[in-house]
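File shown: coords_26.txt. Contents: compact mmCIF, C-alpha atoms and all ligand atoms.
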```txt
# COMPACT_ATOMS: atom_id res chain seq x y z
CA MET T 23 -25.45 3.03 -5.01
CA ILE T 24 -22.51 0.67 -4.58
CA SER T 25 -19.59 2.31 -2.75
CA PHE T 26 -16.17 0.68 -3.01
CA VAL T 27 -14.67 2.00 0.19
CA GLY T 28 -11.02 1.88 1.21
CA ALA T 29 -10.94 0.61 4.80
CA GLY T 30 -7.33 1.68 5.36
CA PRO T 31 -4.50 -0.60 6.46
CA GLY T 32 -6.13 -1.87 9.63
CA ALA T 33 -6.43 0.69 12.40
CA ALA T 34 -10.05 1.83 12.62
CA ASP T 35 -9.07 5.50 12.91
CA LEU T 36 -7.35 5.39 9.52
CA LEU T 37 -10.69 5.16 7.73
CA THR T 38 -11.51 8.44 5.93
CA PHE T 39 -14.44 10.63 7.03
CA ARG T 40 -16.09 9.86 3.70
CA GLY T 41 -15.63 6.14 4.20
CA ALA T 42 -17.12 6.40 7.70
CA ASP T 43 -20.07 8.35 6.29
CA ARG T 44 -20.78 5.70 3.65
CA LEU T 45 -20.57 2.97 6.28
CA ALA T 46 -22.92 4.82 8.63
CA ARG T 47 -25.55 5.06 5.88
CA ALA T 48 -25.11 1.57 4.43
CA ASP T 49 -27.93 -0.97 4.29
CA ILE T 50 -25.50 -3.74 3.39
CA VAL T 51 -21.77 -4.04 4.11
CA ILE T 52 -19.55 -6.61 2.43
CA TRP T 53 -16.13 -6.72 4.02
CA ALA T 54 -12.97 -8.85 3.94
CA SER T 55 -12.15 -10.14 7.42
CA SER T 56 -8.72 -11.33 6.29
CA LEU T 57 -7.33 -7.79 5.99
CA VAL T 58 -9.90 -5.44 7.54
CA GLN T 59 -10.12 -5.19 11.31
CA GLU T 60 -13.63 -5.74 12.66
CA GLU T 61 -13.53 -2.42 14.58
CA VAL T 62 -13.88 -0.63 11.25
CA LEU T 63 -17.43 -1.98 11.14
CA ASP T 64 -18.24 0.04 14.27
CA HIS T 65 -18.89 2.89 11.86
CA ALA T 66 -21.83 0.95 10.35
CA SER T 67 -25.31 1.02 11.87
CA ALA T 68 -26.51 -1.95 13.91
CA GLU T 69 -29.24 -2.55 11.28
CA ALA T 70 -26.80 -2.92 8.38
CA VAL T 71 -26.62 -6.47 7.04
CA ARG T 72 -23.01 -7.68 7.07
CA HIS T 73 -21.35 -10.25 4.83
CA ASP T 74 -17.77 -11.43 5.24
CA SER T 75 -16.33 -11.83 1.74
CA ALA T 76 -13.53 -14.12 2.96
CA GLY T 77 -15.44 -17.23 1.88
CA MET T 78 -17.30 -15.68 -1.05
CA THR T 79 -16.71 -15.76 -4.80
CA LEU T 80 -17.21 -12.83 -7.17
CA GLU T 81 -20.50 -14.44 -8.19
CA ASP T 82 -21.66 -14.51 -4.55
CA VAL T 83 -20.90 -10.80 -4.19
CA LEU T 84 -22.57 -9.90 -7.48
CA ALA T 85 -25.65 -11.88 -6.46
CA ILE T 86 -26.04 -9.60 -3.44
CA TYR T 87 -25.68 -6.51 -5.65
CA GLN T 88 -28.27 -7.98 -8.04
CA ALA T 89 -30.75 -8.82 -5.32
CA HIS T 90 -30.73 -5.31 -3.81
CA PRO T 91 -30.95 -2.78 -6.62
CA ALA T 92 -32.12 0.08 -4.38
CA ALA T 93 -29.87 -0.58 -1.39
CA ARG T 94 -26.91 1.49 -0.26
CA ILE T 95 -24.17 -1.10 -0.43
CA VAL T 96 -20.65 -0.66 0.90
CA ARG T 97 -18.01 -3.01 -0.41
CA LEU T 98 -15.15 -2.55 2.02
CA HIS T 99 -11.67 -3.28 0.69
CA SER T 100 -8.43 -3.11 2.66
CA GLY T 101 -6.09 -0.17 2.15
CA ASP T 102 -6.95 1.76 -0.98
CA PRO T 103 -9.44 -0.02 -3.24
CA THR T 104 -7.61 0.90 -6.43
CA VAL T 105 -4.58 -1.30 -5.62
CA TYR T 106 -4.82 -5.12 -5.73
CA SER T 107 -8.46 -5.14 -4.68
CA ALA T 108 -10.18 -6.78 -7.66
CA ILE T 109 -12.71 -3.96 -7.97
CA GLY T 110 -12.15 -3.77 -11.73
CA GLU T 111 -14.39 -6.77 -12.37
CA GLN T 112 -17.06 -5.38 -10.04
CA ILE T 113 -16.96 -2.01 -11.79
CA ASP T 114 -17.40 -3.80 -15.12
CA TRP T 115 -20.51 -5.45 -13.70
CA CYS T 116 -21.87 -2.10 -12.45
CA VAL T 117 -21.33 -0.53 -15.89
CA ALA T 118 -22.95 -3.49 -17.68
CA GLN T 119 -25.92 -3.43 -15.27
CA ASP T 120 -26.20 0.36 -15.30
CA ARG T 121 -25.70 0.42 -11.53
CA GLU T 122 -24.41 3.58 -9.93
CA TYR T 123 -21.09 3.17 -8.15
CA GLU T 124 -18.36 5.26 -6.56
CA ILE T 125 -14.85 4.69 -5.26
CA VAL T 126 -13.95 6.12 -1.84
CA PRO T 127 -10.16 6.26 -1.52
CA GLY T 128 -8.45 4.72 1.48
CA VAL T 129 -5.09 4.91 3.23
CA GLY T 130 -3.09 2.26 1.41
CA SER T 131 -0.72 -0.16 3.08
CA LEU T 132 2.06 1.60 1.16
CA SER T 133 1.51 4.80 3.16
CA ALA T 134 1.07 2.87 6.40
CA ALA T 135 4.24 0.83 5.85
CA ALA T 136 6.32 3.89 4.97
CA ALA T 137 5.01 5.64 8.08
CA ALA T 138 5.91 2.61 10.20
CA ALA T 139 9.38 2.61 8.65
CA GLY T 140 9.67 6.32 9.46
CA ARG T 141 10.98 7.13 5.99
CA GLU T 142 10.07 9.21 2.96
CA LEU T 143 9.95 7.04 -0.16
CA THR T 144 11.13 9.78 -2.52
CA LEU T 145 14.32 11.72 -1.82
CA PRO T 146 16.00 14.26 -4.16
CA GLN T 147 18.86 12.70 -6.12
CA VAL T 148 18.27 9.34 -4.42
CA ALA T 149 14.87 8.08 -5.59
CA GLN T 150 12.13 9.97 -7.39
CA SER T 151 9.99 7.02 -8.38
CA VAL T 152 8.10 4.34 -6.49
CA VAL T 153 7.27 1.04 -8.16
CA LEU T 154 4.27 -0.82 -6.74
CA THR T 155 4.48 -4.44 -7.75
CA ARG T 156 4.38 -8.09 -6.69
CA LEU T 157 6.24 -11.28 -7.47
CA GLY T 158 5.16 -13.20 -10.52
CA GLY T 159 4.89 -16.98 -10.60
CA GLY T 160 3.02 -19.13 -8.13
CA ARG T 161 -0.75 -19.52 -8.35
CA THR T 162 -1.27 -16.08 -9.90
CA ALA T 163 1.44 -16.41 -12.56
CA ALA T 164 -1.06 -15.77 -15.33
CA SER T 165 -1.88 -12.33 -13.90
CA MET T 166 1.56 -10.85 -14.57
CA PRO T 167 1.93 -9.00 -17.85
CA GLU T 168 5.21 -9.60 -19.65
CA GLY T 169 7.99 -7.19 -18.69
CA GLU T 170 6.61 -6.41 -15.24
CA THR T 171 8.81 -8.73 -13.21
CA VAL T 172 10.44 -7.60 -9.97
CA ARG T 173 13.70 -8.48 -11.76
CA ALA T 174 12.96 -6.00 -14.55
CA PHE T 175 12.04 -3.19 -12.18
CA ALA T 176 15.04 -3.87 -9.92
CA ALA T 177 17.38 -2.61 -12.63
CA HIS T 178 16.02 0.92 -12.08
CA GLY T 179 17.17 1.07 -8.45
CA SER T 180 14.21 3.25 -7.43
CA THR T 181 12.06 2.69 -4.37
CA MET T 182 10.03 -0.48 -4.72
CA ALA T 183 7.01 -1.67 -2.73
CA VAL T 184 6.39 -5.38 -3.15
CA TYR T 185 2.91 -6.60 -2.23
CA LEU T 186 1.62 -10.15 -1.80
CA SER T 187 5.06 -11.74 -1.90
CA ALA T 188 6.34 -12.35 1.64
CA ALA T 189 5.62 -16.08 1.41
CA ARG T 190 8.35 -16.47 -1.25
CA PRO T 191 11.28 -14.53 0.25
CA GLU T 192 14.08 -16.38 -1.59
CA GLN T 193 12.51 -15.69 -4.97
CA LEU T 194 12.00 -12.09 -3.92
CA ARG T 195 15.66 -11.66 -2.91
CA ASP T 196 16.92 -13.35 -6.06
CA GLU T 197 14.80 -11.18 -8.36
CA LEU T 198 15.75 -8.01 -6.48
CA LEU T 199 19.46 -8.84 -6.83
CA ASP T 200 19.16 -10.29 -10.34
CA GLU T 201 22.70 -11.68 -10.19
CA GLY T 202 24.35 -8.27 -9.96
CA ARG T 203 22.08 -6.46 -12.42
CA GLY T 204 19.53 -5.35 -9.80
CA TYR T 205 19.92 -3.75 -6.38
CA PRO T 206 23.25 -4.10 -4.55
CA PRO T 207 22.94 -6.74 -1.78
CA ASP T 208 23.31 -4.16 1.00
CA THR T 209 20.40 -2.04 -0.27
CA PRO T 210 18.11 -1.21 2.64
CA ALA T 211 14.82 -3.09 2.90
CA VAL T 212 11.99 -2.70 5.40
CA VAL T 213 9.40 -5.42 5.88
CA VAL T 214 6.19 -4.24 7.51
CA ALA T 215 3.70 -6.92 8.51
CA ARG T 216 0.16 -5.94 9.55
CA ALA T 217 0.95 -2.22 9.48
CA THR T 218 -1.14 -0.29 12.07
CA TRP T 219 -2.53 -3.49 13.61
CA PRO T 220 -1.75 -4.16 17.29
CA THR T 221 0.44 -7.02 16.03
CA GLU T 222 2.45 -4.85 13.60
CA ILE T 223 6.02 -5.97 12.88
CA VAL T 224 8.67 -3.71 11.32
CA LEU T 225 11.93 -5.34 10.20
CA THR T 226 14.79 -3.16 9.02
CA THR T 227 17.21 -5.22 6.98
CA THR T 228 18.93 -5.47 3.59
CA VAL T 229 17.92 -7.09 0.32
CA ALA T 230 20.46 -9.91 0.86
CA GLU T 231 19.05 -10.74 4.29
CA LEU T 232 15.35 -10.61 3.43
CA PRO T 233 14.71 -14.39 3.48
CA GLU T 234 16.36 -14.99 6.86
CA GLN T 235 14.57 -12.04 8.47
CA ILE T 236 11.16 -12.81 7.00
CA ARG T 237 11.35 -16.49 7.93
CA ALA T 238 12.74 -15.79 11.40
CA HIS T 239 9.64 -13.73 12.17
CA GLY T 240 7.21 -16.18 10.58
CA ILE T 241 5.86 -13.57 8.17
CA ARG T 242 3.90 -14.92 5.21
CA THR T 243 0.89 -12.70 4.58
CA ALA T 244 -0.28 -9.10 5.12
CA ALA T 245 3.24 -7.80 4.67
CA LEU T 246 4.69 -5.16 2.42
CA VAL T 247 8.38 -5.18 1.51
CA LEU T 248 9.89 -1.76 0.85
CA VAL T 249 13.25 -1.68 -0.91
CA GLY T 250 15.62 1.03 -2.10
CA PRO T 251 18.30 3.52 -1.09
CA ALA T 252 15.73 6.08 0.12
CA LEU T 253 15.06 3.78 3.07
CA ALA T 254 18.57 4.29 4.44
CA ALA T 255 19.05 6.67 7.34
CA ALA T 256 22.00 8.25 5.53
CA GLU T 257 22.04 11.97 4.79
CA ALA T 258 20.39 13.10 1.57
CA PRO T 259 20.50 16.37 -0.37
CA ARG T 260 17.62 18.62 0.66
CA SER T 261 14.68 19.30 -1.59
CA ARG T 262 14.31 22.57 -3.48
CA LEU T 263 10.69 22.94 -2.43
CA TYR T 264 11.59 24.63 0.85
CA ASP T 265 14.87 26.16 -0.29
CA PRO T 266 14.87 29.93 0.27
CA ARG T 267 16.46 30.56 -3.17
CA TYR T 268 13.83 28.60 -5.06
CA SER T 269 10.57 30.29 -6.16
CA HIS T 270 7.27 28.59 -6.82
CA GLY T 271 3.61 29.51 -7.12
CA CYS T 272 3.17 30.08 -3.39
CA ARG T 273 6.47 31.69 -2.41
CA ARG T 274 9.04 34.09 -3.88
CA ARG T 275 12.68 33.19 -3.55
CA SER T 276 15.05 35.03 -1.25
CA SER T 277 18.67 35.42 -2.26
CA GLU T 278 20.02 34.61 1.18
CA GLY T 279 20.38 31.51 3.22
CA SER T 280 20.30 28.88 0.50
CA THR T 281 21.24 25.41 1.53
CA GLU T 282 20.43 23.89 -1.85
CA GLY T 283 22.20 20.63 -2.43
CA ARG T 284 23.59 20.60 1.07
CA PRO T 285 22.70 17.56 3.12
CA ILE T 286 20.67 18.06 6.28
CA PRO T 287 21.93 16.22 9.34
CA VAL T 288 19.83 13.16 10.07
CA GLU T 289 18.82 14.39 13.55
CA LYS T 290 17.34 17.56 12.04
CA ARG T 291 15.47 15.73 9.32
CA ARG T 292 13.82 13.54 11.93
CA LEU T 293 12.54 16.60 13.77
CA THR T 294 10.71 18.04 10.74
C1 LIG T 301 -5.08 -7.95 -1.65
S1 LIG T 301 -3.77 -6.82 -1.41
C2 LIG T 301 -4.68 -5.40 -0.91
C3 LIG T 301 -3.88 -4.11 -0.97
C4 LIG T 301 -4.68 -2.93 -0.46
N1 LIG T 301 -5.72 -2.58 -1.42
C5 LIG T 301 -3.82 -1.72 -0.16
O1 LIG T 301 -4.00 -0.65 -0.76
O2 LIG T 301 -2.97 -1.82 0.73
C6 LIG T 301 -3.10 -7.45 0.07
C7 LIG T 301 -1.63 -7.12 0.21
O3 LIG T 301 -1.50 -5.74 0.57
C8 LIG T 301 -0.49 -5.59 1.55
N2 LIG T 301 -1.13 -5.18 2.80
C9 LIG T 301 -2.44 -4.94 3.00
N3 LIG T 301 -2.65 -4.50 4.26
C10 LIG T 301 -1.44 -4.46 4.85
C11 LIG T 301 -0.99 -4.08 6.14
N4 LIG T 301 -1.82 -3.64 7.08
N5 LIG T 301 0.34 -4.16 6.41
C12 LIG T 301 1.21 -4.57 5.46
N6 LIG T 301 0.84 -4.94 4.22
C13 LIG T 301 -0.47 -4.89 3.93
C14 LIG T 301 0.20 -6.94 1.67
O4 LIG T 301 1.24 -7.00 0.73
C15 LIG T 301 -0.93 -7.87 1.31
O5 LIG T 301 -0.42 -9.10 0.85
```

Could you take the file, read its structure, and then write that structure out as structure tokens?
Amino acid sequence: MISFVGAGPGAADLLTFRGADRLARADIVIWASSLVQEEVLDHASAEAVRHDSAGMTLEDVLAIYQAHPAARIVRLHSGDPTVYSAIGEQIDWCVAQDREYEIVPGVGSLSAAAAAAGRELTLPQVAQSVVLTRLGGGRTAASMPEGETVRAFAAHGSTMAVYLSAARPEQLRDELLDEGRGYPPDTPAVVVARATWPTEIVLTTTVAELPEQIRAHGIRTAALVLVGPALAAAEAPRSRLYDPRYSHGCRRRSSEGSTEGRPIPVEKRRLT
């Protein structure tokens, strides 16, 4: 069995119980030291053979899979393995070779960054969609399908999480603004570098000021940029989910005490 396990954003206690179980039983662990903290490997047994994938190619990794058909192999990917982890090509190999595999979800850097920012990414009437994307161009230009530019998504004004792009902050700002067709310049932005690591950095800024802030803090890698009006601390209309006048499968509505559509003071929202 080959288990593609999400290691979480960094902190060892953000590994799932299932991920820890797979690690504890693994004969072989292949992990990426660039984004996974070594403490996560404490869940593996002392006998498990460990390989750091930082200097390996896909072929190197597949050669290990090939050489150990009966082994329990854990391939540890940062965050959640279904986002920017290059497991698709490994799954294709498993299918072609008739090798059993599974995906163990992980806490993605998106969740960790939003938690560090202390914000909900979706607010009623403000933002109900989250776009996960990255800048095009650079060395991975060929990876970007047409129509998926940051510039194109910026026109929607929803919450956006931009991965793998902190090293090009001017391009990021320019695409987010798109010369007046994208986000307004004062749209809130939060840059979270190394979320949940001891060296975590959280910068609260605006789209216009992203380059200065990112460069001033020397951030280039392992950073997620969150953008959108939901990241503001301003008051927002409350959700209907917990409104007394709104019924759903688990609760009948009551006719009294509705606060639907009424904003909740910021101090109260922070307490919930
Ligand atoms: C190769 S991708 C892996 C994404 C990962 N699968 C996930 O779900 O978070 C690496 C990018 O994810 C983001 N990232 C991963 N870990 C992070 C962390 N602890 N803090 C902030 N961003 C992180 C950064 O944008 C980084 O450039």

- Task: Take atom CA of T:Leu63 and atom CA of T:Leu45 and report the distance between them in Å, one decimal.
- Result: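 Atom CA of T:Leu45 lies 7.6 Å from atom CA of T:Leu63.
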
Do you have, as JSON lines, the list of residues of chain T lying at most 7 Å from ligand LIG 301 (chain T), each with its nearest atom pair and that distance in Å to one decimal, counting all atoms listed in the file and ordered by chain then number?
```
{"residue": "T:Pro31", "atom": "CA", "partner": "T:LIG301", "partner_atom": "N4", "distance": 4.1}
{"residue": "T:Gly32", "atom": "CA", "partner": "T:LIG301", "partner_atom": "N4", "distance": 5.3}
{"residue": "T:Leu57", "atom": "CA", "partner": "T:LIG301", "partner_atom": "N3", "distance": 6.0}
{"residue": "T:His99", "atom": "CA", "partner": "T:LIG301", "partner_atom": "N1", "distance": 6.4}
{"residue": "T:Ser100", "atom": "CA", "partner": "T:LIG301", "partner_atom": "C4", "distance": 4.9}
{"residue": "T:Gly101", "atom": "CA", "partner": "T:LIG301", "partner_atom": "C5", "distance": 3.6}
{"residue": "T:Asp102", "atom": "CA", "partner": "T:LIG301", "partner_atom": "O1", "distance": 3.8}
{"residue": "T:Pro103", "atom": "CA", "partner": "T:LIG301", "partner_atom": "N1", "distance": 4.9}
{"residue": "T:Thr104", "atom": "CA", "partner": "T:LIG301", "partner_atom": "N1", "distance": 6.4}
{"residue": "T:Val105", "atom": "CA", "partner": "T:LIG301", "partner_atom": "N1", "distance": 4.5}
{"residue": "T:Tyr106", "atom": "CA", "partner": "T:LIG301", "partner_atom": "S1", "distance": 4.8}
{"residue": "T:Ser107", "atom": "CA", "partner": "T:LIG301", "partner_atom": "N1", "distance": 5.0}
{"residue": "T:Val129", "atom": "CA", "partner": "T:LIG301", "partner_atom": "O1", "distance": 6.9}
{"residue": "T:Gly130", "atom": "CA", "partner": "T:LIG301", "partner_atom": "O1", "distance": 3.7}
{"residue": "T:Ser131", "atom": "CA", "partner": "T:LIG301", "partner_atom": "O2", "distance": 3.7}
{"residue": "T:Leu132", "atom": "CA", "partner": "T:LIG301", "partner_atom": "O2", "distance": 6.1}
{"residue": "T:Ala135", "atom": "CA", "partner": "T:LIG301", "partner_atom": "C12", "distance": 6.2}
{"residue": "T:Val184", "atom": "CA", "partner": "T:LIG301", "partner_atom": "O4", "distance": 6.6}
{"residue": "T:Tyr185", "atom": "CA", "partner": "T:LIG301", "partner_atom": "O4", "distance": 3.4}
{"residue": "T:Leu186", "atom": "CA", "partner": "T:LIG301", "partner_atom": "O5", "distance": 3.5}
{"residue": "T:Ser187", "atom": "CA", "partner": "T:LIG301", "partner_atom": "O4", "distance": 6.6}
{"residue": "T:Val214", "atom": "CA", "partner": "T:LIG301", "partner_atom": "C12", "distance": 5.4}
{"residue": "T:Ala215", "atom": "CA", "partner": "T:LIG301", "partner_atom": "C12", "distance": 4.6}
{"residue": "T:Arg216", "atom": "CA", "partner": "T:LIG301", "partner_atom": "N5", "distance": 3.6}
{"residue": "T:Ala217", "atom": "CA", "partner": "T:LIG301", "partner_atom": "N5", "distance": 3.7}
{"residue": "T:Thr218", "atom": "CA", "partner": "T:LIG301", "partner_atom": "N4", "distance": 6.0}
{"residue": "T:Trp219", "atom": "CA", "partner": "T:LIG301", "partner_atom": "N4", "distance": 6.6}
{"residue": "T:Thr243", "atom": "CA", "partner": "T:LIG301", "partner_atom": "O5", "distance": 5.3}
{"residue": "T:Ala244", "atom": "CA", "partner": "T:LIG301", "partner_atom": "C15", "distance": 4.1}
{"residue": "T:Ala245", "atom": "CA", "partner": "T:LIG301", "partner_atom": "N6", "distance": 3.8}
{"residue": "T:Leu246", "atom": "CA", "partner": "T:LIG301", "partner_atom": "N6", "distance": 4.3}
```

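Contact shell of T:Thr228 at 8 Å (all atoms listed in the file; same-chain neighbours under 3 positions omitted): T:Pro207, T:Asp208, T:Thr209, T:Pro210, T:Ala211, T:Val212, T:Glu231, T:Leu232.
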
- Counting all atoms listed in the file, the residue of T:Pro233, T:Pro266, T:Pro146, T:Pro127 that sits nearest T:Thr38: T:Pro127

- Message: When you count only C-alpha atoms, which of these residues is closest to T:Val148: T:Leu253, T:Ile50, T:Val96, T:Cys116?
- Response: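 Going through T:Leu253, T:Ile50, T:Val96, T:Cys116 one by one, the smallest distance to T:Val148 is for T:Leu253.
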
- Query: Given the choices T:Arg44, T:Arg195, T:Arg72, T:Arg94, which gets closest to T:Thr227 if the distance is worked out from all atoms listed in the file?
  - Reply: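 The answer is T:Arg195, which sits nearest to T:Thr227.
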
- atom CA of T:Phe26 and atom CA of T:Ser133, how far apart in Å?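 Answer for the atom CA of T:Ser133 to atom CA of T:Phe26 separation: 19.2 Å.
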
- One decimal, Å: what's the distance from atom CA of T:Tyr205 over to atom CA of T:Gly250, could you say? 7.7 Å

- Task: Tell me, as an MDAnalysis selection string, which residues lie within 10 Å of stretch 149-159 of chain T, counting all atoms listed in the file; anything in the same chain fewer than 2 positions away does not count.
- Result: chainID T and resid 105:106 132 142:147 161:168 170:173 175:176 178:188 190:191 193:194 197 246:253

Repair of stretch 222-250 of chain T at the level of N, CA and C atoms, as a PDB file, in the coordinates of the input:
```pdb
ATOM      1  N   GLU T 222       1.530  -5.340  14.647  1.00  0.00           N
ATOM      2  CA  GLU T 222       2.450  -4.850  13.600  1.00  0.00           C
ATOM      3  C   GLU T 222       3.903  -5.285  13.873  1.00  0.00           C
ATOM      4  N   ILE T 223       4.594  -5.655  12.798  1.00  0.00           N
ATOM      5  CA  ILE T 223       6.020  -5.970  12.880  1.00  0.00           C
ATOM      6  C   ILE T 223       6.749  -5.105  11.858  1.00  0.00           C
ATOM      7  N   VAL T 224       7.849  -4.495  12.256  1.00  0.00           N
ATOM      8  CA  VAL T 224       8.670  -3.710  11.320  1.00  0.00           C
ATOM      9  C   VAL T 224      10.090  -4.269  11.382  1.00  0.00           C
ATOM     10  N   LEU T 225      10.575  -4.793  10.269  1.00  0.00           N
ATOM     11  CA  LEU T 225      11.930  -5.340  10.200  1.00  0.00           C
ATOM     12  C   LEU T 225      12.784  -4.457   9.300  1.00  0.00           C
ATOM     13  N   THR T 226      13.877  -3.956   9.827  1.00  0.00           N
ATOM     14  CA  THR T 226      14.790  -3.160   9.020  1.00  0.00           C
ATOM     15  C   THR T 226      15.971  -4.046   8.668  1.00  0.00           C
ATOM     16  N   THR T 227      16.188  -4.259   7.391  1.00  0.00           N
ATOM     17  CA  THR T 227      17.210  -5.220   6.980  1.00  0.00           C
ATOM     18  C   THR T 227      17.809  -4.788   5.639  1.00  0.00           C
ATOM     19  N   THR T 228      18.381  -5.744   4.917  1.00  0.00           N
ATOM     20  CA  THR T 228      18.930  -5.470   3.590  1.00  0.00           C
ATOM     21  C   THR T 228      18.301  -6.466   2.601  1.00  0.00           C
ATOM     22  N   VAL T 229      18.473  -6.183   1.332  1.00  0.00           N
ATOM     23  CA  VAL T 229      17.920  -7.090   0.320  1.00  0.00           C
ATOM     24  C   VAL T 229      18.492  -8.504   0.512  1.00  0.00           C
ATOM     25  N   ALA T 230      19.815  -8.591   0.745  1.00  0.00           N
ATOM     26  CA  ALA T 230      20.460  -9.910   0.860  1.00  0.00           C
ATOM     27  C   ALA T 230      19.884 -10.717   2.025  1.00  0.00           C
ATOM     28  N   GLU T 231      19.480 -10.026   3.085  1.00  0.00           N
ATOM     29  CA  GLU T 231      19.050 -10.740   4.290  1.00  0.00           C
ATOM     30  C   GLU T 231      17.535 -10.908   4.406  1.00  0.00           C
ATOM     31  N   LEU T 232      16.824 -10.534   3.364  1.00  0.00           N
ATOM     32  CA  LEU T 232      15.350 -10.610   3.430  1.00  0.00           C
ATOM     33  C   LEU T 232      14.826 -11.997   3.812  1.00  0.00           C
ATOM     34  N   PRO T 233      15.295 -13.073   3.155  1.00  0.00           N
ATOM     35  CA  PRO T 233      14.710 -14.390   3.480  1.00  0.00           C
ATOM     36  C   PRO T 233      14.888 -14.777   4.929  1.00  0.00           C
ATOM     37  N   GLU T 234      16.106 -14.596   5.465  1.00  0.00           N
ATOM     38  CA  GLU T 234      16.360 -14.990   6.860  1.00  0.00           C
ATOM     39  C   GLU T 234      15.455 -14.195   7.800  1.00  0.00           C
ATOM     40  N   GLN T 235      15.360 -12.892   7.573  1.00  0.00           N
ATOM     41  CA  GLN T 235      14.570 -12.040   8.470  1.00  0.00           C
ATOM     42  C   GLN T 235      13.072 -12.372   8.389  1.00  0.00           C
ATOM     43  N   ILE T 236      12.594 -12.534   7.171  1.00  0.00           N
ATOM     44  CA  ILE T 236      11.160 -12.810   7.000  1.00  0.00           C
ATOM     45  C   ILE T 236      10.801 -14.144   7.614  1.00  0.00           C
ATOM     46  N   ARG T 237      11.640 -15.161   7.378  1.00  0.00           N
ATOM     47  CA  ARG T 237      11.350 -16.490   7.930  1.00  0.00           C
ATOM     48  C   ARG T 237      11.503 -16.502   9.445  1.00  0.00           C
ATOM     49  N   ALA T 238      12.512 -15.796   9.945  1.00  0.00           N
ATOM     50  CA  ALA T 238      12.740 -15.790  11.400  1.00  0.00           C
ATOM     51  C   ALA T 238      11.538 -15.226  12.145  1.00  0.00           C
ATOM     52  N   HIS T 239      10.804 -14.336  11.507  1.00  0.00           N
ATOM     53  CA  HIS T 239       9.640 -13.730  12.170  1.00  0.00           C
ATOM     54  C   HIS T 239       8.320 -14.363  11.735  1.00  0.00           C
ATOM     55  N   GLY T 240       8.414 -15.436  10.966  1.00  0.00           N
ATOM     56  CA  GLY T 240       7.210 -16.180  10.580  1.00  0.00           C
ATOM     57  C   GLY T 240       6.233 -15.363   9.748  1.00  0.00           C
ATOM     58  N   ILE T 241       6.753 -14.438   8.959  1.00  0.00           N
ATOM     59  CA  ILE T 241       5.860 -13.570   8.170  1.00  0.00           C
ATOM     60  C   ILE T 241       5.568 -14.235   6.826  1.00  0.00           C
ATOM     61  N   ARG T 242       4.282 -14.341   6.494  1.00  0.00           N
ATOM     62  CA  ARG T 242       3.900 -14.920   5.210  1.00  0.00           C
ATOM     63  C   ARG T 242       2.873 -14.057   4.468  1.00  0.00           C
ATOM     64  N   THR T 243       1.954 -13.479   5.227  1.00  0.00           N
ATOM     65  CA  THR T 243       0.890 -12.700   4.580  1.00  0.00           C
ATOM     66  C   THR T 243       0.820 -11.304   5.198  1.00  0.00           C
ATOM     67  N   ALA T 244      -0.039 -10.472   4.609  1.00  0.00           N
ATOM     68  CA  ALA T 244      -0.280  -9.100   5.120  1.00  0.00           C
ATOM     69  C   ALA T 244       1.012  -8.361   5.404  1.00  0.00           C
ATOM     70  N   ALA T 245       1.963  -8.505   4.495  1.00  0.00           N
ATOM     71  CA  ALA T 245       3.240  -7.800   4.670  1.00  0.00           C
ATOM     72  C   ALA T 245       3.625  -7.090   3.384  1.00  0.00           C
ATOM     73  N   LEU T 246       4.195  -5.933   3.559  1.00  0.00           N
ATOM     74  CA  LEU T 246       4.690  -5.160   2.420  1.00  0.00           C
ATOM     75  C   LEU T 246       6.196  -5.069   2.570  1.00  0.00           C
ATOM     76  N   VAL T 247       6.924  -5.274   1.470  1.00  0.00           N
ATOM     77  CA  VAL T 247       8.380  -5.180   1.510  1.00  0.00           C
ATOM     78  C   VAL T 247       8.788  -3.919   0.751  1.00  0.00           C
ATOM     79  N   LEU T 248       9.401  -2.997   1.463  1.00  0.00           N
ATOM     80  CA  LEU T 248       9.890  -1.760   0.850  1.00  0.00           C
ATOM     81  C   LEU T 248      11.382  -1.895   0.627  1.00  0.00           C
ATOM     82  N   VAL T 249      11.847  -1.502  -0.548  1.00  0.00           N
ATOM     83  CA  VAL T 249      13.250  -1.680  -0.910  1.00  0.00           C
ATOM     84  C   VAL T 249      13.751  -0.404  -1.586  1.00  0.00           C
ATOM     85  N   GLY T 250      15.026  -0.073  -1.352  1.00  0.00           N
ATOM     86  CA  GLY T 250      15.620   1.030  -2.100  1.00  0.00           C
ATOM     87  C   GLY T 250      16.480   1.934  -1.230  1.00  0.00           C
TER      88      GLY T 250
END
```
